[in-house]
Structures are given as structure tokens and as C-alpha cells.
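To keep things clear, I will list the structure first and then write my remarks on it.
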Protein chains: 4
Amino acid sequence: MMNTFGEKYRLTTFGESHGPAIGGVIDGVPAGLPIDSERIQQELDRRRPGQSAIVTPRKESDRVRLLSGIFEGCTTGTPIGFIIENENQRSTDYEPLRDAFRPSHADYTYSAKYGIRDYRGGGRASARETAARIVGGAIARQALERLGISLFAYTSQVGDIRLDKDYTEIDPTLIESNAVRCPDAPTAERMIRLIEEVRSEGDTIGGVATCVVRGLPAGLGEPVFDKLQARLAYAMLGINAAKGFEYGMGFEGAARRGSEMNDTFVSDGSRISTRTNHSGGIQGGISNGADIYFRVAFKPVATLLRDTETVNAQGQPTLLPAKGRHDPCVLPRAVPIVEAMATMTILDMYLLNKSTRI
Amino acid sequence: MMNTFGEKYRLTTFGESHGPAIGGVIDGVPAGLPIDSERIQQELDRRRPGQSAIVTPRKESDRVRLLSGIFEGCTTGTPIGFIIENENQRSTDYEPLRDAFRPSHADYTYSAKYGIRDYRGGGRASARETAARIVGGAIARQALERLGISLFAYTSQVGDIRLDKDYTEIDPTLIESNAVRCPDAPTAERMIRLIEEVRSEGDTIGGVATCVVRGLPAGLGEPVFDKLQARLAYAMLGINAAKGFEYGMGFEGAARRGSEMNDTFVSDGSRISTRTNHSGGIQGGISNGADIYFRVAFKPVATLLRDTETVNAQGQPTLLPAKGRHDPCVLPRAVPIVEAMATMTILDMYLLNKSTRI
Amino acid sequence: MMNTFGEKYRLTTFGESHGPAIGGVIDGVPAGLPIDSERIQQELDRRRPGQSAIVTPRKESDRVRLLSGIFEGCTTGTPIGFIIENENQRSTDYEPLRDAFRPSHADYTYSAKYGIRDYRGGGRASARETAARIVGGAIARQALERLGISLFAYTSQVGDIRLDKDYTEIDPTLIESNAVRCPDAPTAERMIRLIEEVRSEGDTIGGVATCVVRGLPAGLGEPVFDKLQARLAYAMLGINAAKGFEYGMGFEGAARRGSEMNDTFVSDGSRISTRTNHSGGIQGGISNGADIYFRVAFKPVATLLRDTETVNAQGQPTLLPAKGRHDPCVLPRAVPIVEAMATMTILDMYLLNKSTRI
Amino acid sequence: MMNTFGEKYRLTTFGESHGPAIGGVIDGVPAGLPIDSERIQQELDRRRPGQSAIVTPRKESDRVRLLSGIFEGCTTGTPIGFIIENENQRSTDYEPLRDAFRPSHADYTYSAKYGIRDYRGGGRASARETAARIVGGAIARQALERLGISLFAYTSQVGDIRLDKDYTEIDPTLIESNAVRCPDAPTAERMIRLIEEVRSEGDTIGGVATCVVRGLPAGLGEPVFDKLQARLAYAMLGINAAKGFEYGMGFEGAARRGSEMNDTFVSDGSRISTRTNHSGGIQGGISNGADIYFRVAFKPVATLLRDTETVNAQGQPTLLPAKGRHDPCVLPRAVPIVEAMATMTILDMYLLNKSTRI
């Protein structure tokens with residue numbers, strides 16, 4: 001479905017980084033939901049460039065303008081259109097890219113696919129497009145909260161620095177307490193130092209985000225192709241620079257035995273639950289009421305602050321000069337995007353499930 | 001879309017393991033494609049229970065009957081309906097499950113979702129459903145071959161035994177030379193011994209499959225949500241027991257620097273390619289013409305040959321007796337399913353891309 | 001979506017008239033619905049050839065075999081696969097059509113589209129495909145009944161013989177009392193005589209079916225593109241030989257003034273309704289709780305019992321000899337198909353609406 | 001799919017008549033298409049209120065702002081987002097409607113569906129939403145022109161005044177020569193007089209639009225549910241106030257015999273065509289290369305310039321005072337909307353068909 005995400009709660013996005021504006025339309029928003037617009041802007045500010053010392057210094061104010069679908073503070077069930085005007089564009093920065101392909105960027109593949117591309121700032125492939133996803137996620141979050149469902153993500157790895165704590169051991173209220181969005185102060189400090197070191201070398205570094213969903217009722221997810229984990233994996237691998245997804249025990253579970261991994265059912269008389277949660281809250285593609293947790297791997301940003309060899313559209317070697325204002329590590333700004341994509345996925349699955357019985 | 005997979009090349013499946021038959025409908029098959037029916041059956045035989053000493057000894061002949069869409073040996077562009085009759089069902093085996101929830105199975109979550117379930121043999125959650133996917137994949141493969149695209153998967157890890165070779169170093173013609181589908185004889189032997197050992201203890205073990213696509217032209221994949229990797233991740237996490245997906249450098253790349261990971265473009269005068277392939281053949285969500293490779297983690301099978309504590313629908317503790325004819329490790333039979341899902345995904349993306357220009 | 005109908009309640013059909021079988025998959029069936037299989041067969045018998053003197057004398061028993069999705073007499077929420085074996089095929093009848101295009105049939109357009117076609121009995125374009133729709137409709141009807149929604153269609157015109165009664169004036173229990181399915185005995189008799197006369201001349205005749213939905217709650221239908229009438233029109237024009245659709249006052253309303261046409265709202269204290277129903281139960285694309293009624297025009301069957309001039313694939317003139325066992329008028333057998341398509345549409349819109357609010 | 005129209009060429013619209021702006025996103029636009037923005041504006045001006053003496057005197061400039069997807073005058077294959085700011089809103093006009101339901105409007109049904117509605121100017125149900133469709137159609141038209149496909153619509157009936165000429169007998173260049181968009185001067189004059197008369201009585205009147213597609217290749221349309229006529233019917237019944245659709249001989253054909261209606265195939269040696277075109281250019285749901293023609297019935301506008309009895313949300317009788325600036329007849333402004341919806345449908349079917357063969 002190209003530029004549309006979701007089936008019942010559907011976000012369609014548009015916009016290039018150097019066009020007049022980006023934006024989107026959210027369709028399928030349940031009617032009668034009070035919306036706090038200020039919280040939408042706050043979520044955008046978490047993704048915004050220039051918010052801290054370890055992200056790109058570009059200045060984009062990212063003010064969202066909601067154009068429809070909300071009346072007297074409430075959703076009406078009609079689509080919410082919105083735009084975010086582009087500003088602080090330095091298109092001339094990109095003139096050398098008109099004809100050259102940056103390594104590990106989308107320049108070459110866009111040309112191959114479309115035969116034409118807006119080379120300025122990555123055009124449609126720019127991470128700027130994710131601002132529209134933040135808006136979609138921020139509204140979905142307000143719906144989920146009314147359903148008692150909460151969701152948070154955090155940076156659990158930067159380079160080879162790993163947070164050595166399980167998701168159950170961290171305090172989510174600390175996520176926003178530092179620039180790298182790792183809820184463990186000493187680890188966060190080490191991550192930040194690594195990012196600064198990498199940047200000073202004109203280099204970049206990858207990392208991992210962990211996401212947790214709480215309060216989801218049992219029964220969400222469709223059993224065959226639209227397993228809850230399949231939808232989450234699709235959502236996550238649709239984020240720029242994401243290279244991997246695992247949930248529950250994930251790749252580590254591949255090395256384990258069934259006798260170690262099975263989650264025994266127990267009951268307290270009123271509610272059935274599991275003694276452990278190696279399954280990550282999903283069994284047979286359907287939520288079982290336990291916490292859902294998953295991890296998303298991000299590669300290092302492709303744009304380095306170094307002169308770069310490449311070829312142009314004619315196949316001739318060319319040198320791209322070191323330039324630009326890029327993130328040394330996507331993780332700090334990827335965290336709110338992971339949350340937005342997961343939030344929209346969960347709400348979509350919730351709405352899809354409403355027609356399971358009549 | 002529940003039980004339908006794909007957008008242009010669409011497989012819809014139906015059937016429970018203990019109903020009269022399973023089957024499906026494949027829509028969007030390009031017209032005029034010669035079909036070798038015998039090869040469809042051969043693919044089914046690779047997934048079939050009872051094919052070797054390290055898989056479940058259940059006897060299912062899995063004969064597919066094609067009902068439409070093929071005329072005088074060629075596809076007509078109309079949907080291909082097919083059924084595979086169920087046989088060798090021992091429904092009485094499952095009587096104790098009528099009311100009890102097997103740990104880490106779909107029993108509890110299906111009950112929570114639907115309020116009713118066919119408890120015999122896992123019902124719709126049974127891996128038997130994947131036979132229909134094999135049919136969809138086998139026909140897609142014949143289309144891809146005409147386009148010069150090839151695809152293979154193999155077992156690259158069982159428990160803690162890892163194949164220590166890159167995908168470029170293995171010989172895909174050896175995949176079918178042993179029961180575990182690992183194209184390296186000594187590693188395959190160790191994997192098989194581990195599976196046998198685990199089984200003798202009534203236990204099960206997880207593993208990893210690696211999949212490679214060759215000959216894909218540059219330009220496939222949609223840039224935002226329907227990135228090629230997002231569609232592949234969705235396809236893979238829709239396979240029973242899959243717990244993780246990574247492509248290119250994947251999770252390992254999260255620990256790396258950009259300067260190590262970027263794939264430099266080079267040209268031989270006629271064709272642009274990359275010197276390395278850390279990207280896994282995809283940049284900005286779109287194929288770049290290099291090999292695509294990805295890995296899928298599978299958890300150990302949940303059914304152990306041991307008495308198992310659990311609860312029933314009333315929340316009362318109950319003991320499930322050791323019984324059943326299950327796989328000690330899904331990998332050998334997961335390999336053809338990974339191939340089928342990837343094949344359908346690639347063909348779908350190929351067809352989707354046909355309307356990019358007029 | 002090609003061979004799939006519906007969004008939440010989805011029927012996918014397959015099969016050619018002269019292949020081994022036709023069939024389909026119904027996905028999105030609400031769970032926990034008791035199903036009376038005998039009633040499905042009864043609906044099929046209403047569409048079946050050979051049921052009366054004024055339809056084609058072909059003998060097809062049209063026995064449906066349900067393969068999945070129903071357990072102990074109840075729907076499980078998993079897809080219902082089904083097949084109807086083909087029989088009584090006289091493929092040799094069609095040998096002259098291998099290379100010739102019957103006028104006003106799909107022969108030429110299928111060849112133009114696909115470059116290949118199953119010429120026997122119309123192949124996929126055969127009205128036989130509609131048997132699968134009947135199955136989809138028969139199961140949907142059992143769901144609608146539990147919701148208090150009823151639906152019937154009848155023949156309201158054959159050639160120039162029109163039933164001069166409003167839908168509110170007829171007795172739906174009389175629809176099945178005659179072969180033409182017109183609930184007014186004297187009119188039905190005249191219609192039957194006309195059909196017999198036309199047939200004796202080797203000719204065919206068109207007509208109109210009227211359909212009525214009762215008990216639909218207010219609020220179904222989506223406001224912009226998926227207006228309830230848009231979905232109904234789509235469903236009806238997807239029936240072979242349908243040439244027109246109108247609802248409420250339809251084309252006649254085009255000649256009227258607003259002051260004659262508006263439906264005044266009234267209230268009895270507990271429920272708001274309208275004094276008249278020129279709107280046909282839909283306002284702004286959404287049901288208002290009044291009866292929905294619409295009419296569908298069908299052209300005369302294209303196959304005449306006369307020698308027919310045409311051209312072959314090489315553009316050379318050729319003569320098709322009078323032959324075949326065709327309906328002189330589609331209306332009697334179109335009535336259950338109109339009902340099936342309308343039933344599925346209404347249930348789909350009902351299910352879609354379930355996520356309007358949380 | 002709620003507020004999205006089309007499968008490959010997809011328009012998603014948003015916006016209420018009295019919110020800040022309306023707009024939309026067009027996805028699936030083929031890449032590399034030169035776009036003349038001025039022509040988009042010209043199409044909008046044809047739909048604009050206040051363009052002539054027989055339409056609503058509201059003043060809306062309807063300036064479209066294209067925000068993305070076009071680079072250096074060409075489509076890039078990425079989505080085209082656009083907005084049209086609202087202006088000249090007199091929301092206080094609508095205060096009496098906050099709680100009262102206008103007869104034959106969407107007020108009551110929106111309230112029933114969503115439990116909340118923007119009562120000002122019809123909110124989302126306002127015909128203002130169709131401006132976004134015009135933009136989608138205007139871009140599609142530029143694509144169709146490159147494919148040699150042309151399309152026009154005109155007013156063929158107002159009240160009981162019918163244009164007594166076949167579509168083959170009119171001159172499409174005359175459509176824009178008068179305010180009612182009827183390409184026959186004397187008939188147009190009578191239509192205009194009728195509209196003026198009706199308006200002077202505070203009343204409104206219905207009518208019919210005819211639409212013709214030329215140059216379509218044989219082979220477009222999908223054979224079962226997505227017949228070309230089914231998609232056109234869906235598109236047309238999705239227009240506000242549309243009550244009926246017929247193509248080819250339509251309802252009139254229901255009264256005819258097969259021997260009168262069949263279109264005999266002929267060949268001039270190089271191309272197969274039909275001697276007559278009763279089929280309306282479509283056979284078996286697929287275009288046959290002949291002209292496509294169809295008719296759409298529109299009811300009289302529901303808003304009269306008269307005091308109107310109705311009830312409020314509490315079911316109490318209330319009187320709505322005569323007021324507002326409404327069209328006495330939708331036809332003049334419906335013509336460009338019919339064209340836009342048909343244009344998008346045809347382009348969508350063209351793009352869908354591209355994957356029929358590989």
C-alpha cells in the first residue's frame with residue numbers, strides 16, 4: 001500500500017525534506033476521543049533535530065497544523081489531515097548530489113526505480129518523513145491510554161555498549177532523563193560518550209531500541225499471516241536504518257531448548273497468566289495478556305563527515321566532500337519513532353479485532 | 001487481511017489440521033506461465049512430515065489437487081484454487097486438550113480471541129496450514145525463474161551449533177543432501193546429532209534459517225512503509241515459531257561504525273554495483289541489484305515429550321500426559337516454508353513495481 | 001482486489017465452468033455463529049440450473065462441501081473453505097469456440113487481456129462462478145438474521161412487463177411461489193409466458209430485480225467513497241449481465257423537485273424516523289434505519305439459439321451454429337445472486353462499522 | 001477503505017467545509033509525468049461555487065497548493081499532498097443546525113454513526129470535499145492523455161428536460177459553452193430556464209450526467225468482482241446526491257431482446273471491433289476497445305429555500321428557517337466531479353492491469 005500504514009487505523013504520509021511541507025492523513029480514528037494537541041507537539045519535539053548535543057544540529061521547529069477531523073476538542077471519526085511546513089532548508093548543500101549516489105543511501109535505488117528523484121536532502125527517503133508518523137502515533141497513543149494500554153521504548157544498545165538489564169528491571173520514567181534515552185544513568189553516560197567520540201572522528205554508530213507494551217488484553221493479532229509479531233516486525237523494518245527485529249527471547253531463543261523456554265500457565269482463580277514470559281506476550285500470533293517486548297536493530301547512519309568516494313549516474317568515479325549536519329547515531333531520535341509505529345500497530349490490531357464476534 | 005498474504009500475488013489459505021481438507025486460492029498469477037505441477041508436489045514433499053529420521057513421524061501424503069486457473073499446462077490469469085485432503089488424523093490423541101491449554105501454544109490465545117476453538121491438532125494454528133503456503137511459493141518460484149530470479153534457504157544454526165560460513169561461501173546444491181538442510185556436511189552432522197540427543201531427552205531445540213535471493217533487478221520495494229525488508233520481515237514473522245528477523249548485517253551491524261558498514265559504489269562501465277554488501281541488497285527499502293540475504297530465528301517447538309503442568313479453561317491445574325508425534329526441531333521443515341514466503345514476497349514486489357511508470 | 005469481495009467479510013472465489021471444481025474461501029466470518037448447512041444448500045438450489053421450465057436445462061447438482069472453519073456446528077472465526085465439484089460438462093459443445101468470439105460475451109475481452117483463455121463454457125466468465133457467491137451469501141444471511149436484519153429480492157420486470165407495485169405492497173413470502181420469482185401471481189404468469197415465447201423464437205430477454213433490506217440499524221456505511229449505496233452498486237454491477245443500479249427514487253428522482261423528494265423527520269418520542277422514504281434508507285451514504293431498496297437492470301442473455309455471425313482470433317468471419325443450453329432470461333436465477341451479493345455487502349458494512357467508536 | 005479511493009492510483013481526502021482546510025494525498029502516481037499545475041486549477045474552477053448564475057453564489061477561490069511529489073515539473077512517483085484552504089465561512093449560518101436534522105441530509109445519519117458531528121456546513125458530508133477529488137482527477141487526466149485516452153461528461157437531463165441525442169451525436173467541445181454544461185445550445189437554454197424557475201420557487205431539481213471514455217485499449221477491468229462497470233458504478237455512487245448508474249443500454253436494455261442487443265464482431269483485417277455498441281464498451285467486465293459510456297442520476301438538492309419542519313436530537317419538532325446559499329441543481333457542478341471520479345477509476349484499472357502478464 002505504498003505510503004499508507006495500517007488497515008483500520010491508517011496513516012498516509014506525503015512530503016519530501018526540501019519541498020514546501022510534509023504531512024499526512026489519519027483515517028479510521030475512533031470517534032468521540034478527546035485530543036490534547038499539545039501532547040502531539042511534545043511527541044514531535046522528541047523527534048526534532050537540534051534537541052540535544054548528540055543529534056543533528058539542524059534547526060527544524062516541526063510545528064504541526066491539524067486541519068480536520070477534530071471538532072470542539074474531540075475526534076469526529078472523519079480523517080485528520082495535517083501538515084508540517086518545511087523550513088531551514090539549505091538545498092544548495094545538496095547540489096553535488098544531483099548526479100552522485102551516496103553509499104548506503106537511497107539515491108541509487110530511487111533512481112533505478114523511478115528514473116527521477118528529488119536529490120535534495122534525501123527527498124522522500126529523508127528521515128524527515130518520520131515526523132508524520134509521530135503525529136499518527138501521538139493520536140493513537142491517546143486512544144490506547146483510554147483502553148488502559150501503555151507503551152514505551154528506550155535505547156538498549158549503542159555500538160558495543162549494552163544495557164545489562166531486562167526490561168522489567170528498568171524505570172521507564174527515566175527514559176527522558178538523558179539525551180540518549182537510556183533509562184539507566186551510568187549506561188546512558190557511556191553511550192553518550194561513545195556517540196561523541198564517534199562524531200569527533202567524523203564517523204557514526206549503530207544501536208538497538210527495546211520497546212514494551214503493557215496492558216494489552218489477550219486476543220489481539222490475527223492467527224496466520226497477520227500475527228501480532230508479523231505486524232510489529234513490518235512496522236519496525238519500515239523505519240529508516242532498521243536492520244533487525246526480535247521479540248520475546250528472539251535470536252537468543254534459537255539456541256535454547258523447549259524445556260527452558262515454555263511459559264507455564266498458572267491461575268490465581270480469577271485470571272490465567274504465565275509464570276515466565278519468554279514468549280514476549282504473544283502465542284500463536286495473538287496477545288496473551290502478558291507484556292509484549294521486542295528489540296529493533298539500527299545500523300550506523302550512512303552519512304559520514306568524511307570525503308566519500310562514489311560513482312555518478314554515468315558510472316564515473318566522483319568524490320563527495322565531507323559536509324552536512326547529520327546524526328552520529330539514530331537511536332536517540334529513533335526511540336519516539338519506534339514508539340509511534342508500535343502504537344499505531346497496536347491500535348490497528350485492537351480495532352481489527354472488534355469484528356471477531358458479533 | 002487475516003488469511004490472505006500479498007497484494008498483487010495473493011494467497012488466501014483455509015483449513016484446520018483435523019478438518020476434511022486444507023487448501024487455498026492464489027490470485028493475481030500472471031497469465032501465460034507454463035506450470036510444472038510435479039515440481040509443486042516436490043516442494044510439498046520437502047515440507048511433509050515423515051520425510052526423515054529427525055522430523056515428526058506422522059504420515060501425511062500431502063497430495064495437492066489443483067482445481068482451476070491452469071489450462072492446457074499454462075496459467076490463464078484466473079485464480080488457482082487447490083486442496084490437500086487431510087488424512088492420518090488421530091483426533092482422539094487430542095481429547096485431553098479440549099479443555100486444557102498447552103504452554104507456549106496458541107490454545108489459550110485462540111480461546112481468548114474467538115471464545116471457541118478446534119482443539120484437535122492445533123486446529124488452524126497447526127503448522128499443517130503452511131502446506132498451502134508451499135503451493136503458493138512453488139508457483140511463484142516458477143514465475144521468478146522466468147525472470148531470472150533464484151532463491152534458496154538453509155539451516156544455519158541449530159541450538160548452539162552455528163554454520164561458520166558466510167552465505168557466499170556455501171554451495172546451495174548441497175542443501176538437500178542431508179536431513180537438516182545445512183549445506184555443510186560436517187556441521188549438518190553435528191546438528192543432526194544434537195537434534196537426536198534433544199529428542200531422546202523428550203526435549204526440543206531452536207535454530208536459525210538463512211535465505212538468499214539472487215538475480216533481483218534494482219528497483220523493487222516501496223520506499224516508506226512497504227520497504228522490501230519490511231515485507232520480508234512481515235512474511236517471516238508470519239511463520240509459526242519465528243521469533244526474529246535480520247537482513248544484511250542485522251543485529252551485528254548495530255555494534256558497528258558507519259565507516260565499516262558503508263557499501264561503496266563502483267562501476268565496470270556498464271553496470272553500477274557495490275564493492276561490499278553489508279546492506280543485504282536493499283537500500284532505502286529498494287533492491288539495489290546485489291544479493292539479498294536475511295536470517296530468521298525459530299524458537300524450540302513447544303510440545304515436549306514430557307508430562308506437562310498447565311491449567312484448564314476454568315483456571316484449574318491439570319497435567320497433560322507426554323504424547324504426540326512432534327518435531328524435535330522445526331528447522332528442517334521450516335527451510336521450505338521460509339523459501340515459499342520469501343518467493344511470494346519477491347514476486348509480489350515485482351508485480352507491484354510494474355505500475356511505477358507508464 | 002480481483003477475485004476477492006469485501007473488506008471484513010471477504011469472499012474469494014475460484015474456478016472455471018469446465019475445470020475440476022469451483023469454490024471459494026470466506027474469511028472474516030464472526031466466531032461462535034451456529035451454521036445450518038442445509039440452508040446453504042437450499043440457497044444453492046435456488047440458483048441451480050434445471051430447477052424449472054424457464055431456465056437452462058443443464059443438470060448440475062451443485063453440492064457444496066464445506067472444508068473448514070466450522071467446528072461442532074459453529075463458526076470458529078477461521079476461514080471457511082468450500083468446493084463444488086463440476087459435473088455434466090460437455091466440453092465438446094464448446095470446441096467451435098476455441099478460436100471464435102461470441103458476440104457480447106467475454107471471449108474477445110479475455111483474449112485481449114490475458115492472451116489465453118479457457119474457452120469451454122465461458123471459463124471463468126461463466127455464470128457458474130456465482131454459485132460460490134451464493135455460499136458466501138448464505139452464511140452471511142445466517143449472521144444477519146441474528147442481528148435482526150432481513151433481505152429479499154424479486155423479479156420486478158421482464159422485458160416490458162413491469163410489476164406495478166411498490167416494494168411495500170408485495171408479500172415476500174410469495175417470491176418462491178413461481179418460477180420467475182415475482183411475488184405477484186398474475187404478473188408472474190405474464191412474465192413466464194413472455195419468457196417462453198422468447199425462447200421459442202430462439203431469443204432471450206432482459207429484466208429488473210428489486211431488492212429490499214429490513215431491520216438495518218442507522219449508522220452503517222462510510223461517508224465519502226464507501227457510501228452504502230456505492231458498495232451496493234459495486235456489488236450489483238459485479239454480477240454478470242447487470243447493466244444498471246438505482247436506489248431509492250433512482251433515475252425517476254432525477255426528474256423530480258426537492259420539495260417532492262425530501263423525507264421529513266418525525267419522532268414518536270422514542271425513535272426518529274422519516275415520514276416518507278424516497279431516500280431509500282440511506283442519507284449521506286449512511287443507513288438511517290428505514291428500509292433500503294434498490295433495483296438492478298439485467299440485459300438479455302447474449303447466447304441465442306440461432307446461427308451467429310462473428311469473427312475468429314485471426315479476424316476472419318465465421319459462423320457459430322445454434323447450440324447450447326442457455327437461459328432465455330437471467331432474472332429467475334439472478335434473484336438469489338442479487339440477494340447473496342447484497343447480504344455480503346450489508347454484513348461487511350456492519351462489521352466495518354464496529355470500529356467506529358472504542 | 002473509508003476516505004481512500006482506488007487501489008494503485010489512490011486518492012485519500014480529508015477536511016470539513018468549515019475547518020481550516022481540505023486536501024488530500026494522491027499515491028501511486030506514475031513517475032516521470034510532466035504536470036501542468038495550471039490545468040489542475042482550471043478543473044477546480046469548473047467545480048467552484050459562484051462560477052455562474054445558476055449555481056450557489058458562495059465565494060470560494062479554491063486555490064490548490066501542491067506540497068510534494070512533483071520535482072522540476074515532473075512527478076517523482078512519491079505521493080502528491082495538497083491542501084485547499086477554507087475561506088468565506090459563515091459558521092454562524094449553521095448555528096440552528098447544531099441540534100436539528102435537515103431532511104434528506106447526512107445530519108441524522110452522522111449523529112447516529114459517530115455520536116458527534118461538525119454541524120457547520122455539512123462538515124465532512126459537504127460537497128466541498130469533492131474539490132479534493134477534482135485535484136486527483138486532474139492529475140489522472142494528464143496521465144491518461146499520454147496514453148491516448150480521453151474522457152468527458154455533460155448534463156443530459158435536468159428535471160424532465162432530456163437531451164434527445166445519443167453521445168455520438170454531440171460535440172464535446174460545446175460542453176463548456178454554457179452554464180449547465182449541456183453540449184446542445186437549445187436544450188441547454190431550456191435546462192437553464194428550468195433551473196432558474198425552480199430556484200425562484202425556493203425549490204431544487206434533479207438531473208442526469210452522461211460520461212464517455214474514448215481511446216481505452218481492450219483488456220482493462222478485472223473479470224469477477226472488479227468488473228470495469230462495477231468500479232465505475234462504485235465511483236459514481238460515491239458522489240453526493242447520485243442515485244443511479246447505468247452503462248451501455250442500461251435500464252432500457254432490460255426491456256429488450258438479445259437479438260436486438262448483441263454487438264456483432266467485425267474486422268477490417270487489422271483490428272477487431274463491433275458493429276454496434278449496445279454493450280457500452282465493456283464485455284465480461286473488461287473493456288473491448290469501443291467507447292465506454294454511462295449515465296448517472298442525481299436527486300434534487302435537499303436544501304430548499306423554504307422554512308422546513310424537522311426534529312432535533314431529542315426528537316422534538318423544530319422549524320429550520322429558509323436560509324443558505326445552495327445550488328438549485330447539482331448538475332452543472334456535478335459534471336467535473338463525474339469526470340474526476342471516472343478518470344481516476346480508468347487510470348487505476350490501467351495500472352492494475354499492468355501486472356496481468358510478466
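Residues in the C-alpha cells are numbered from 1 in each chain, the chains being A, B, ... in the order shown, and ligands are numbered from 1 in the order shown.
Near chain B, within 7 Å and counting only C-alpha atoms, the residues of chain C are C:Asn3, C:Phe14, C:Gly15, C:Glu16, C:Gly19, C:Pro20, C:Ala21, C:Val25, C:Asp27, C:Ala31, C:Gly32, C:Leu67, C:Ser68, C:Gly69, C:Phe71, C:Thr76, C:Gly77, C:Pro79, C:Ile80, C:Gly81, C:Tyr114, C:Ile116, C:Arg117, C:Asp118.
Every residue of region 245-286 of chain D with a DSSP assignment of strand (DSSP E or B), taken from the backbone, is listed as Phe245, Glu246, Tyr247, Arg257, Phe265, Val266, Ser267, Ile272, Ser273, Thr274, Ile282, Gln283 and Ile286 of chain D.
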**Message:** Using only C-alpha atoms, which protein or nucleic acid residues come within 8 Å of region 347-350 of chain C? Drop anything in the same chain fewer than 4 positions from it, and give the result as an MDAnalysis selection string.
**Reply:** chainID C and resid 6:10 140 143:144 220:221 228 343 354
**Message:** I'd like the neighbourhood of region 92-106 of chain A as an MDAnalysis selection string, where a residue qualifies if any of its atoms comes within 7 Å (using only C-alpha atoms), though same-chain residues fewer than 6 positions away should be ignored.
**Reply:** (chainID A and resid 119:121 125 302 310:313) or (chainID B and resid 262:265 279 283:284)
Keeping N, CA, C and O atoms, export the residues of the selection given above as a CSV table (one decimal), in the first residue's frame.
```csv
chain,number,residue,atom,x,y,z
A,119,TYR,N,16.8,15.0,-5.3
A,119,TYR,CA,18.0,14.7,-4.7
A,119,TYR,C,18.3,15.5,-3.4
A,119,TYR,O,19.3,15.3,-2.7
A,120,ARG,N,17.5,16.5,-3.2
A,120,ARG,CA,17.8,17.4,-2.1
A,120,ARG,C,17.4,16.8,-0.7
A,120,ARG,O,16.3,16.5,-0.4
A,121,GLY,N,18.4,16.6,0.1
A,121,GLY,CA,18.2,16.1,1.4
A,121,GLY,C,17.6,14.7,1.5
A,121,GLY,O,16.9,14.4,2.5
A,125,ALA,N,13.1,9.8,0.8
A,125,ALA,CA,13.8,8.9,1.7
A,125,ALA,C,14.4,9.5,3.0
A,125,ALA,O,14.9,8.8,3.8
A,302,ALA,N,24.5,6.4,7.5
A,302,ALA,CA,25.4,6.2,6.3
A,302,ALA,C,26.2,7.4,6.0
A,302,ALA,O,27.3,7.4,5.4
A,310,THR,N,32.5,7.7,-4.6
A,310,THR,CA,31.4,7.0,-5.2
A,310,THR,C,31.4,7.1,-6.7
A,310,THR,O,32.4,7.5,-7.3
A,311,VAL,N,30.2,6.8,-7.3
A,311,VAL,CA,30.1,7.0,-8.7
A,311,VAL,C,28.9,7.9,-9.0
A,311,VAL,O,28.0,8.0,-8.2
A,312,ASN,N,28.8,8.4,-10.2
A,312,ASN,CA,27.6,9.2,-10.6
A,312,ASN,C,26.7,8.4,-11.5
A,312,ASN,O,27.0,7.2,-11.8
A,313,ALA,N,25.7,9.0,-12.0
A,313,ALA,CA,24.7,8.3,-12.8
A,313,ALA,C,25.3,7.7,-14.0
A,313,ALA,O,24.8,6.7,-14.6
B,262,ASN,N,29.5,1.1,5.3
B,262,ASN,CA,29.0,1.6,4.1
B,262,ASN,C,29.5,0.7,2.9
B,262,ASN,O,30.6,0.2,2.9
B,263,ASP,N,28.6,0.6,1.9
B,263,ASP,CA,29.0,-0.2,0.7
B,263,ASP,C,29.3,0.8,-0.4
B,263,ASP,O,28.4,1.5,-1.0
B,264,THR,N,30.6,0.9,-0.8
B,264,THR,CA,31.0,1.8,-1.8
B,264,THR,C,30.5,1.4,-3.2
B,264,THR,O,30.6,0.2,-3.6
B,265,PHE,N,30.0,2.4,-3.9
B,265,PHE,CA,29.5,2.1,-5.3
B,265,PHE,C,30.7,2.0,-6.2
B,265,PHE,O,31.7,2.9,-6.1
B,279,SER,N,24.7,-4.0,3.2
B,279,SER,CA,23.3,-3.6,3.2
B,279,SER,C,22.4,-4.7,2.9
B,279,SER,O,21.2,-4.6,3.1
B,283,GLN,N,18.6,-0.8,-0.2
B,283,GLN,CA,19.0,0.5,0.3
B,283,GLN,C,17.8,1.4,0.2
B,283,GLN,O,17.2,1.5,-0.9
B,284,GLY,N,17.4,2.0,1.3
B,284,GLY,CA,16.2,2.9,1.3
B,284,GLY,C,14.9,2.1,1.0
B,284,GLY,O,13.9,2.6,0.5
```
Using only C-alpha atoms, which protein or nucleic acid residues come within 10 Å of Gln142 (chain D)? Drop anything in the same chain fewer than 3 positions from it, and give the result as a compact mmCIF listing (two decimals) with C-alpha atoms, in the first residue's frame.
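Generated output (selection_29.txt):
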```txt
# COMPACT_ATOMS: atom_id res chain seq x y z
CA LEU D 33 4.94 12.50 -15.79
CA PRO D 34 5.11 16.22 -16.67
CA ILE D 35 2.38 18.07 -14.75
CA ASP D 36 0.75 21.31 -15.80
CA ARG D 39 -4.71 22.85 -15.63
CA ILE D 40 -5.37 21.44 -12.17
CA GLY D 137 -8.86 13.62 -11.35
CA ALA D 138 -6.94 16.48 -12.92
CA ILE D 139 -3.62 14.74 -12.37
CA GLU D 145 -3.78 11.84 -22.12
CA ARG D 146 -0.28 10.46 -22.53
CA LEU D 147 -1.89 7.07 -23.03
CA ILE D 149 -7.32 8.10 -23.51
CA SER D 150 -9.82 10.95 -23.34
CA THR D 343 -10.72 9.50 -14.75
```
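Interatomic distance, CA of Ser200 (chain C) to CA of Met261 (chain D): 17.9 Å.
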**Prompt:** If you run DSSP on this backbone, which residues of region 137-235 of chain A come out as helix (DSSP H, G or I), and could you give them as number ranges by chain?
**Reply:** A: 137-146, 167-169, 172-177, 185-200, 228-235
**Message:** Which residues are near Met191 (chain B)? Cut-off 10 Å, only C-alpha atoms, ignore same chain within fewer than 2 positions. Put them as a list in words.
**Reply:** Thr155, Ser156, Gln157, Val158, Gly159, Asp160, Ile161, Arg162, Leu163, Ala179, Val180, Arg181, Cys182, Ala185, Pro186, Thr187, Ala188, Glu189, Arg193, Leu194, Ile195, Glu196, Glu197 and Gly207 of chain B
**Message:** What's around Thr56 (chain D) at 10 Å? Count only C-alpha atoms, leave out sequence neighbours fewer than 5 positions away in its own chain, and write the answer as a PyMOL selection string.
**Reply:** chain D and resi 48-51+324-330+333
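Put simply, CA of Gly258 (chain B) is 9.5 Å away from CA of Gly202 (chain A).
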